[in-house]
$ cat input13.txt   # compact mmCIF, C-alpha atoms
# COMPACT_ATOMS: atom_id res chain seq x y z
CA MET A 2 165.05 -67.77 26.09
CA THR A 3 168.35 -68.99 27.49
CA LEU A 4 170.55 -66.94 29.79
CA GLN A 5 173.30 -65.16 27.85
CA THR A 6 175.36 -63.09 30.30
CA GLN A 7 175.33 -62.18 33.97
CA PRO A 8 173.99 -58.60 34.32
CA GLU A 9 176.06 -56.07 36.26
CA SER A 10 174.61 -54.80 39.53
CA LEU A 11 172.73 -51.54 39.88
CA ALA A 12 175.50 -50.34 42.23
CA PHE A 13 178.05 -50.97 39.47
CA HIS A 14 176.22 -48.74 37.02
CA PHE A 15 175.55 -45.98 39.55
CA SER A 16 179.21 -45.97 40.62
CA THR A 17 180.01 -43.58 37.75
CA LEU A 18 177.48 -41.00 38.95
CA ASN A 19 179.12 -37.97 40.57
CA ASP A 20 178.08 -37.11 44.12
CA PRO A 21 177.04 -33.42 44.01
CA ARG A 22 177.34 -32.89 47.79
CA ARG A 23 180.26 -31.38 49.65
CA GLU A 24 182.40 -34.18 51.03
CA HIS A 25 182.27 -33.08 54.68
CA LEU A 26 178.45 -33.06 54.56
CA ARG A 27 178.05 -36.67 53.42
CA GLU A 28 176.64 -38.73 56.28
CA HIS A 29 175.25 -41.34 53.87
CA SER A 30 176.91 -42.71 50.75
CA LEU A 31 175.34 -41.85 47.42
CA ILE A 32 175.10 -45.54 46.49
CA ASP A 33 173.14 -46.29 49.68
CA ILE A 34 170.71 -43.43 48.96
CA LEU A 35 170.17 -44.45 45.34
CA LEU A 36 169.75 -48.18 45.96
CA ILE A 37 167.26 -47.66 48.79
CA SER A 38 165.30 -45.33 46.52
CA VAL A 39 165.19 -47.78 43.62
CA CYS A 40 164.27 -50.72 45.84
CA ALA A 41 161.54 -48.67 47.47
CA MET A 42 160.10 -47.57 44.13
CA LEU A 43 160.08 -51.16 42.87
CA CYS A 44 157.94 -51.95 45.91
CA GLY A 45 155.48 -49.15 45.19
CA ALA A 46 156.97 -46.12 46.97
CA GLU A 47 155.79 -42.79 45.57
CA GLY A 48 157.81 -40.20 47.47
CA PHE A 49 160.73 -39.42 49.76
CA VAL A 50 158.79 -40.16 52.94
CA ASP A 51 158.05 -43.61 51.51
CA PHE A 52 161.78 -44.09 50.83
CA GLU A 53 162.62 -43.47 54.48
CA GLN A 54 159.81 -45.71 55.73
CA PHE A 55 160.84 -48.50 53.38
CA GLY A 56 164.47 -48.24 54.50
CA ASN A 57 163.59 -48.52 58.17
CA ALA A 58 161.16 -51.38 57.56
CA LYS A 59 163.72 -53.35 55.51
CA LEU A 60 166.86 -52.33 57.41
CA GLU A 61 168.03 -55.90 58.05
CA PHE A 62 167.59 -56.80 54.39
CA LEU A 63 169.39 -53.66 53.19
CA ARG A 64 172.38 -54.22 55.48
CA GLY A 65 173.00 -57.41 53.50
CA PHE A 66 174.40 -55.37 50.59
CA LEU A 67 174.67 -51.74 51.79
CA ALA A 68 177.04 -50.20 54.34
CA LEU A 69 174.55 -47.79 56.03
CA PRO A 70 177.10 -46.55 58.64
CA ASN A 71 174.60 -43.95 59.89
CA GLY A 72 171.43 -45.89 59.37
CA VAL A 73 168.71 -44.99 56.86
CA PRO A 74 168.74 -41.42 55.46
CA SER A 75 165.85 -39.12 56.36
CA HIS A 76 163.26 -38.15 53.78
CA ASP A 77 164.80 -34.65 53.74
CA THR A 78 168.17 -36.17 52.78
CA PHE A 79 166.58 -38.14 49.94
CA ALA A 80 164.88 -34.97 48.71
CA ARG A 81 168.03 -32.82 48.85
CA VAL A 82 170.20 -35.39 47.05
CA PHE A 83 167.73 -35.96 44.23
CA ALA A 84 167.28 -32.21 43.82
CA MET A 85 171.04 -31.89 43.27
CA LEU A 86 171.56 -34.87 40.96
CA ASP A 87 171.98 -34.42 37.23
CA PRO A 88 168.77 -36.06 35.90
CA GLU A 89 170.29 -36.90 32.51
CA ARG A 90 173.30 -38.64 34.05
CA PHE A 91 171.02 -40.51 36.47
CA ALA A 92 168.85 -41.66 33.55
CA GLU A 93 171.93 -42.81 31.62
CA CYS A 94 173.17 -44.93 34.54
CA PHE A 95 169.74 -46.43 35.16
CA GLN A 96 169.27 -47.17 31.46
CA ARG A 97 172.62 -48.98 31.28
CA TRP A 98 171.44 -51.20 34.14
CA THR A 99 168.11 -52.06 32.50
CA GLU A 100 169.96 -52.71 29.25
CA SER A 101 172.26 -55.18 31.03
CA LEU A 102 169.16 -57.01 32.30
CA ARG A 103 167.83 -57.30 28.76
CA ARG A 104 171.14 -58.61 27.44
CA ALA A 105 171.11 -61.28 30.16
CA VAL A 106 168.06 -62.81 28.52
CA GLY A 107 169.22 -62.27 24.96
CA ALA A 108 167.31 -61.16 21.88
CA GLU A 109 163.62 -60.43 22.38
CA VAL A 110 160.72 -58.27 21.28
CA VAL A 111 161.10 -54.58 22.19
CA ALA A 112 157.93 -52.52 21.80
CA ILE A 113 158.24 -48.77 21.18
CA ASP A 114 155.17 -46.84 22.25
CA GLY A 115 154.15 -43.33 23.24
CA LYS A 116 151.95 -42.36 26.18
CA SER A 117 150.81 -39.11 27.79
CA LEU A 118 151.45 -38.91 31.55
CA ARG A 119 148.35 -38.64 33.68
CA ARG A 120 147.81 -35.34 35.52
CA SER A 121 150.76 -33.75 33.68
CA MET A 122 148.67 -31.07 31.97
CA ASP A 123 148.45 -27.64 33.61
CA ARG A 124 145.76 -25.48 32.02
CA GLY A 125 146.52 -22.60 34.37
CA GLN A 126 150.11 -22.44 33.17
CA GLY A 127 149.19 -23.26 29.57
CA LYS A 128 151.20 -26.48 29.63
CA SER A 129 150.25 -29.45 27.48
CA PRO A 130 150.41 -33.01 28.86
CA ILE A 131 153.89 -34.53 29.00
CA HIS A 132 154.24 -37.17 26.29
CA MET A 133 156.88 -39.90 26.59
CA VAL A 134 158.12 -42.52 24.15
CA SER A 135 159.22 -45.72 25.90
CA ALA A 136 160.91 -48.99 24.94
CA TRP A 137 159.33 -52.02 26.65
CA ALA A 138 161.22 -55.33 26.77
CA GLN A 139 158.57 -58.02 26.58
CA GLU A 140 160.57 -60.97 27.95
CA ASN A 141 162.04 -59.01 30.87
CA ARG A 142 158.84 -57.00 31.45
CA LEU A 143 160.72 -53.76 32.03
CA VAL A 144 161.17 -50.36 30.41
CA LEU A 145 164.61 -50.13 28.81
CA GLY A 146 164.49 -46.37 28.27
CA GLN A 147 162.26 -43.43 27.53
CA VAL A 148 162.46 -40.03 25.87
CA LYS A 149 160.27 -36.99 26.40
CA VAL A 150 158.61 -35.72 23.23
CA ASP A 151 159.31 -32.04 22.66
CA GLU A 152 156.15 -29.90 22.79
CA LYS A 153 156.89 -28.55 19.31
CA SER A 154 157.57 -31.99 17.85
CA ASN A 155 156.06 -35.51 17.84
CA GLU A 156 156.95 -39.18 18.29
CA VAL A 157 158.56 -39.37 14.85
CA THR A 158 161.50 -37.23 16.02
CA ALA A 159 161.71 -38.80 19.49
CA ILE A 160 161.77 -42.47 18.41
CA PRO A 161 165.16 -42.31 16.56
CA GLU A 162 166.71 -40.64 19.62
CA LEU A 163 165.47 -43.48 21.84
CA LEU A 164 166.61 -46.17 19.38
CA ARG A 165 170.14 -44.74 19.29
CA ALA A 166 170.32 -44.88 23.09
CA LEU A 167 169.61 -48.63 23.21
CA LYS A 168 171.55 -51.75 22.25
CA LEU A 169 169.05 -53.71 20.16
CA ALA A 170 171.19 -56.13 18.16
CA GLY A 171 169.25 -59.32 17.52
CA CYS A 172 165.96 -57.93 18.82
CA ILE A 173 162.64 -57.45 17.04
CA VAL A 174 161.42 -53.86 17.39
CA THR A 175 157.68 -53.22 17.09
CA ILE A 176 156.16 -49.76 16.55
CA ASP A 177 152.65 -48.61 15.71
CA ALA A 178 151.73 -46.75 12.51
CA MET A 179 153.19 -43.46 13.78
CA GLY A 180 156.66 -44.99 13.53
CA THR A 181 156.32 -46.34 10.00
CA GLN A 182 158.96 -44.03 8.59
CA THR A 183 162.00 -44.66 6.37
CA LYS A 184 164.34 -42.95 8.86
CA ILE A 185 163.08 -45.05 11.77
CA ALA A 186 163.39 -48.31 9.80
CA SER A 187 166.96 -47.31 8.89
CA GLU A 188 167.82 -46.67 12.55
CA ILE A 189 166.60 -50.15 13.49
CA ILE A 190 168.58 -51.78 10.68
CA ALA A 191 171.69 -49.83 11.74
CA ALA A 192 171.22 -51.25 15.26
CA LYS A 193 171.35 -54.78 13.71
CA ALA A 194 167.75 -55.46 14.73
CA ASP A 195 164.61 -56.45 12.85
CA TYR A 196 161.34 -54.53 12.83
CA VAL A 197 157.59 -55.02 12.65
CA LEU A 198 155.88 -51.76 11.69
CA ALA A 199 152.14 -51.19 11.43
CA LEU A 200 150.91 -50.01 8.05
CA ILE A 201 147.63 -48.11 7.71
CA GLY A 202 146.23 -45.33 5.59
CA ASN A 203 148.65 -42.70 6.89
CA GLN A 204 151.14 -44.11 4.37
CA SER A 205 148.67 -44.07 1.48
CA THR A 206 151.02 -45.00 -1.39
CA LEU A 207 152.85 -47.80 0.44
CA HIS A 208 149.59 -49.03 1.98
CA GLU A 209 147.96 -49.32 -1.44
CA GLU A 210 150.99 -51.07 -2.96
CA VAL A 211 151.13 -53.67 -0.18
CA LYS A 212 147.37 -54.20 -0.30
CA THR A 213 147.44 -54.73 -4.08
CA PHE A 214 150.42 -57.08 -3.83
CA LEU A 215 148.76 -59.24 -1.17
CA GLU A 216 145.39 -59.32 -2.92
CA ASP A 217 147.00 -60.38 -6.23
CA ALA A 218 149.21 -62.98 -4.53
CA GLN A 219 146.26 -64.44 -2.63
CA ALA A 220 144.11 -64.60 -5.75
CA GLU A 221 146.88 -66.53 -7.55
CA GLY A 222 147.63 -68.84 -4.61
CA PHE A 223 151.00 -67.23 -3.71
CA PRO A 224 152.99 -68.86 -6.54
CA ASP A 225 156.77 -68.75 -6.00
CA ILE A 226 156.27 -66.51 -2.93
CA ALA A 227 157.63 -67.81 0.39
CA HIS A 228 155.01 -67.02 3.01
CA GLU A 229 153.36 -68.03 6.27
CA PHE A 230 149.77 -67.61 7.36
CA ARG A 231 148.45 -66.74 10.82
CA LYS A 232 144.84 -66.14 11.81
CA THR A 233 143.70 -64.71 15.14
CA GLU A 234 140.08 -64.57 16.26
CA GLU A 235 139.06 -62.22 19.07
CA LYS A 236 135.70 -63.39 20.40
CA ALA A 237 135.56 -61.64 23.75
CA HIS A 238 134.15 -58.39 22.34
CA GLY A 239 132.23 -59.63 19.32
$ encode --input "input13.txt" --output "structure tokens"
Amino acid sequence: MTLQTQPESLAFHFSTLNDPRREHLREHSLIDILLISVCAMLCGAEGFVDFEQFGNAKLEFLRGFLALPNGVPSHDTFARVFAMLDPERFAECFQRWTESLRRAVGAEVVAIDGKSLRRSMDRGQGKSPIHMVSAWAQENRLVLGQVKVDEKSNEVTAIPELLRALKLAGCIVTIDAMGTQTKIASEIIAAKADYVLALIGNQSTLHEEVKTFLEDAQAEGFPDIAHEFRKTEEKAHG
């Protein structure tokens, strides 16, 4: 795909995030803290100690685009700042950045899928595993956004919420059979995107109608029906 627009920087999108700290206690700028954290996580960091270690190891690189007047923040500073941040506002800013990266490549396939987070279940507290619905941009190989599925609900209610949060004009949205719903298809059309939805027996009436239509059309040689044919053979597992 050809390049469409130049994406805005991560610092640009985080610039609208309010700093929750008292002004006289700010030894490190919020932008410096956030950008070190994101860079560290992209390199495999899993916690605040890793953020500090990454910052010190890559100090020369970071000074190329960050001020860092007091050096790299401590892991305690990272922890305190993230504990005070509004998680929803942080997610909004981060999502706008990933969306700008997708727009820089142009229209592409965006896969909507749900996954349960490993080790998120707590039997002792009676908590079920956390289930998230994510939007994966195939060309960019990044997650554009994600929504937590409410414990009393399912993916069908979470998917429209995620679709409304994204800019999908010109894209092809793919969803498994769980998302084959009239409301979800309408949301995708409203976003000026196309969709590919899986159809299995969970939609018994529609499934039977499509099956009958295709069987009849094939038997008659597809007369007056514009169509294409694709065949895939998977031999690796028999």
$ closest_atom_pairs --input "input13.txt" --of "range 128-153 of chain A" --to "range 82-95 of chain A" --cutoff "12 Å" --atoms "only C-alpha atoms" --output "tab-separated table"
residue	atom	partner	partner_atom	distance
A:Val144	CA	A:Phe95	CA	10.6
A:Leu145	CA	A:Phe95	CA	9.0
A:Gly146	CA	A:Ala92	CA	8.3
A:Gln147	CA	A:Ala92	CA	9.1
A:Val148	CA	A:Ala92	CA	10.1
A:Lys149	CA	A:Glu89	CA	11.7
$ write_last_selection --input "input13.txt" --atoms "C-alpha atoms" --output "mmCIF file, in the frame of the given file"
data_model
loop_
_atom_site.group_PDB
_atom_site.id
_atom_site.type_symbol
_atom_site.label_atom_id
_atom_site.label_comp_id
_atom_site.auth_asym_id
_atom_site.auth_seq_id
_atom_site.Cartn_x
_atom_site.Cartn_y
_atom_site.Cartn_z
ATOM 1 C CA VAL A 144 161.170 -50.360 30.410
ATOM 2 C CA LEU A 145 164.610 -50.130 28.810
ATOM 3 C CA GLY A 146 164.490 -46.370 28.270
ATOM 4 C CA GLN A 147 162.260 -43.430 27.530
ATOM 5 C CA VAL A 148 162.460 -40.030 25.870
ATOM 6 C CA LYS A 149 160.270 -36.990 26.400
#
$ closest_residue --input "input13.txt" --among "A:Leu35, A:Cys40, A:Ile176, A:His14" --to "Glu156 in chain A" --atoms "all atoms listed in the file"
A:Ile176
$ residues_around --input "input13.txt" --residues "Ala112 in chain A" --least-positions-apart "6" --cutoff "9 Å" --atoms "all atoms listed in the file" --output "PyMOL selection string"
chain A and resi 135-139+173-177
$ atom_distance --input "input13.txt" --atom1 "CA of Ser38 in chain A" --atom2 "CA of Ile131 in chain A"
23.5 Å
$ closest_residue --input "input13.txt" --among "A:Leu18, A:Ala237, A:Leu11, A:Leu164" --to "Val134 in chain A" --atoms "all atoms listed in the file"
A:Leu164
$ closest_residue --input "input13.txt" --among "A:Ile37, A:Pro21, A:Ser30, A:Val157" --to "Lys59 in chain A" --atoms "all atoms listed in the file"
A:Ile37
$ closest_residue --input "input13.txt" --among "A:Ser75, A:Gln96, A:Gln182, A:Thr213" --to "Leu163 in chain A" --atoms "all atoms listed in the file"
A:Gln96
$ atom_distance --input "input13.txt" --atom1 "CA of Arg142 in chain A" --atom2 "CA of Glu109 in chain A"
10.8 Å
$ closest_residue --input "input13.txt" --among "A:Gln54, A:Ala41, A:Asp33, A:Thr233" --to "Pro70 in chain A" --atoms "only C-alpha atoms"
A:Asp33
$ closest_atom_pairs --input "input13.txt" --of "range 143-174 of chain A" --to "range 193-202 of chain A" --cutoff "10 Å" --atoms "all atoms listed in the file" --output "tab-separated table"
residue	atom	partner	partner_atom	distance
A:Lys168	CA	A:Lys193	CA	9.1
A:Leu169	CA	A:Ala194	CA	5.9
A:Ala170	CA	A:Lys193	CA	4.7
A:Gly171	CA	A:Ala194	CA	5.0
A:Cys172	CA	A:Ala194	CA	5.1
A:Ile173	CA	A:Asp195	CA	4.7
A:Val174	CA	A:Tyr196	CA	4.6
$ write_last_selection --input "input13.txt" --atoms "C-alpha atoms" --output "tab-separated table (two decimals), in the frame of the given file"
chain	number	residue	atom	x	y	z
A	168	LYS	CA	171.55	-51.75	22.25
A	169	LEU	CA	169.05	-53.71	20.16
A	170	ALA	CA	171.19	-56.13	18.16
A	171	GLY	CA	169.25	-59.32	17.52
A	172	CYS	CA	165.96	-57.93	18.82
A	173	ILE	CA	162.64	-57.45	17.04
A	174	VAL	CA	161.42	-53.86	17.39
$ closest_residue --input "input13.txt" --among "A:Arg231, A:Val150, A:Asp77, A:Arg97" --to "Lys116 in chain A" --atoms "all atoms listed in the file"
A:Val150
$ build_atoms --input "input13.txt" --residues "range 50-68 of chain A" --atoms "N, CA, C and O atoms" --output "PDB file, keeping the file's coordinate frame"
ATOM      1  N   VAL A  50     159.220 -39.620  51.655  1.00  0.00           N
ATOM      2  CA  VAL A  50     158.790 -40.160  52.940  1.00  0.00           C
ATOM      3  C   VAL A  50     158.676 -41.680  52.856  1.00  0.00           C
ATOM      4  O   VAL A  50     159.078 -42.419  53.756  1.00  0.00           O
ATOM      5  N   ASP A  51     158.153 -42.154  51.723  1.00  0.00           N
ATOM      6  CA  ASP A  51     158.050 -43.610  51.510  1.00  0.00           C
ATOM      7  C   ASP A  51     159.427 -44.246  51.471  1.00  0.00           C
ATOM      8  O   ASP A  51     159.614 -45.369  51.953  1.00  0.00           O
ATOM      9  N   PHE A  52     160.417 -43.548  50.886  1.00  0.00           N
ATOM     10  CA  PHE A  52     161.780 -44.090  50.830  1.00  0.00           C
ATOM     11  C   PHE A  52     162.314 -44.339  52.246  1.00  0.00           C
ATOM     12  O   PHE A  52     162.889 -45.391  52.531  1.00  0.00           O
ATOM     13  N   GLU A  53     162.134 -43.342  53.107  1.00  0.00           N
ATOM     14  CA  GLU A  53     162.620 -43.470  54.480  1.00  0.00           C
ATOM     15  C   GLU A  53     161.902 -44.598  55.219  1.00  0.00           C
ATOM     16  O   GLU A  53     162.526 -45.407  55.921  1.00  0.00           O
ATOM     17  N   GLN A  54     160.590 -44.674  55.058  1.00  0.00           N
ATOM     18  CA  GLN A  54     159.810 -45.710  55.730  1.00  0.00           C
ATOM     19  C   GLN A  54     160.197 -47.098  55.241  1.00  0.00           C
ATOM     20  O   GLN A  54     160.311 -48.040  56.029  1.00  0.00           O
ATOM     21  N   PHE A  55     160.415 -47.220  53.936  1.00  0.00           N
ATOM     22  CA  PHE A  55     160.840 -48.500  53.380  1.00  0.00           C
ATOM     23  C   PHE A  55     162.192 -48.908  53.958  1.00  0.00           C
ATOM     24  O   PHE A  55     162.408 -50.061  54.334  1.00  0.00           O
ATOM     25  N   GLY A  56     163.136 -47.951  53.992  1.00  0.00           N
ATOM     26  CA  GLY A  56     164.470 -48.240  54.500  1.00  0.00           C
ATOM     27  C   GLY A  56     164.450 -48.742  55.927  1.00  0.00           C
ATOM     28  O   GLY A  56     165.139 -49.710  56.272  1.00  0.00           O
ATOM     29  N   ASN A  57     163.663 -48.101  56.768  1.00  0.00           N
ATOM     30  CA  ASN A  57     163.590 -48.520  58.170  1.00  0.00           C
ATOM     31  C   ASN A  57     162.891 -49.868  58.317  1.00  0.00           C
ATOM     32  O   ASN A  57     163.266 -50.690  59.165  1.00  0.00           O
ATOM     33  N   ALA A  58     161.890 -50.119  57.484  1.00  0.00           N
ATOM     34  CA  ALA A  58     161.160 -51.380  57.560  1.00  0.00           C
ATOM     35  C   ALA A  58     162.001 -52.555  57.069  1.00  0.00           C
ATOM     36  O   ALA A  58     161.845 -53.687  57.534  1.00  0.00           O
ATOM     37  N   LYS A  59     162.909 -52.289  56.115  1.00  0.00           N
ATOM     38  CA  LYS A  59     163.720 -53.350  55.510  1.00  0.00           C
ATOM     39  C   LYS A  59     165.205 -53.195  55.869  1.00  0.00           C
ATOM     40  O   LYS A  59     166.071 -53.615  55.106  1.00  0.00           O
ATOM     41  N   LEU A  60     165.476 -52.620  57.028  1.00  0.00           N
ATOM     42  CA  LEU A  60     166.860 -52.330  57.410  1.00  0.00           C
ATOM     43  C   LEU A  60     167.734 -53.581  57.417  1.00  0.00           C
ATOM     44  O   LEU A  60     168.860 -53.568  56.906  1.00  0.00           O
ATOM     45  N   GLU A  61     167.242 -54.664  57.980  1.00  0.00           N
ATOM     46  CA  GLU A  61     168.030 -55.900  58.050  1.00  0.00           C
ATOM     47  C   GLU A  61     168.354 -56.419  56.659  1.00  0.00           C
ATOM     48  O   GLU A  61     169.481 -56.837  56.381  1.00  0.00           O
ATOM     49  N   PHE A  62     167.382 -56.371  55.769  1.00  0.00           N
ATOM     50  CA  PHE A  62     167.590 -56.800  54.390  1.00  0.00           C
ATOM     51  C   PHE A  62     168.614 -55.915  53.694  1.00  0.00           C
ATOM     52  O   PHE A  62     169.528 -56.398  53.017  1.00  0.00           O
ATOM     53  N   LEU A  63     168.502 -54.598  53.862  1.00  0.00           N
ATOM     54  CA  LEU A  63     169.390 -53.660  53.190  1.00  0.00           C
ATOM     55  C   LEU A  63     170.829 -53.776  53.665  1.00  0.00           C
ATOM     56  O   LEU A  63     171.766 -53.581  52.889  1.00  0.00           O
ATOM     57  N   ARG A  64     171.016 -54.080  54.950  1.00  0.00           N
ATOM     58  CA  ARG A  64     172.380 -54.220  55.480  1.00  0.00           C
ATOM     59  C   ARG A  64     173.101 -55.414  54.862  1.00  0.00           C
ATOM     60  O   ARG A  64     174.320 -55.541  54.988  1.00  0.00           O
ATOM     61  N   GLY A  65     172.365 -56.267  54.151  1.00  0.00           N
ATOM     62  CA  GLY A  65     173.000 -57.410  53.500  1.00  0.00           C
ATOM     63  C   GLY A  65     173.847 -57.002  52.301  1.00  0.00           C
ATOM     64  O   GLY A  65     174.735 -57.760  51.892  1.00  0.00           O
ATOM     65  N   PHE A  66     173.597 -55.806  51.746  1.00  0.00           N
ATOM     66  CA  PHE A  66     174.400 -55.370  50.590  1.00  0.00           C
ATOM     67  C   PHE A  66     174.741 -53.887  50.609  1.00  0.00           C
ATOM     68  O   PHE A  66     175.403 -53.390  49.698  1.00  0.00           O
ATOM     69  N   LEU A  67     174.317 -53.150  51.659  1.00  0.00           N
ATOM     70  CA  LEU A  67     174.670 -51.740  51.790  1.00  0.00           C
ATOM     71  C   LEU A  67     175.402 -51.508  53.106  1.00  0.00           C
ATOM     72  O   LEU A  67     175.184 -52.223  54.093  1.00  0.00           O
ATOM     73  N   ALA A  68     176.265 -50.487  53.132  1.00  0.00           N
ATOM     74  CA  ALA A  68     177.040 -50.200  54.340  1.00  0.00           C
ATOM     75  C   ALA A  68     176.162 -49.568  55.430  1.00  0.00           C
ATOM     76  O   ALA A  68     176.160 -50.012  56.583  1.00  0.00           O
TER      77      ALA A  68
END
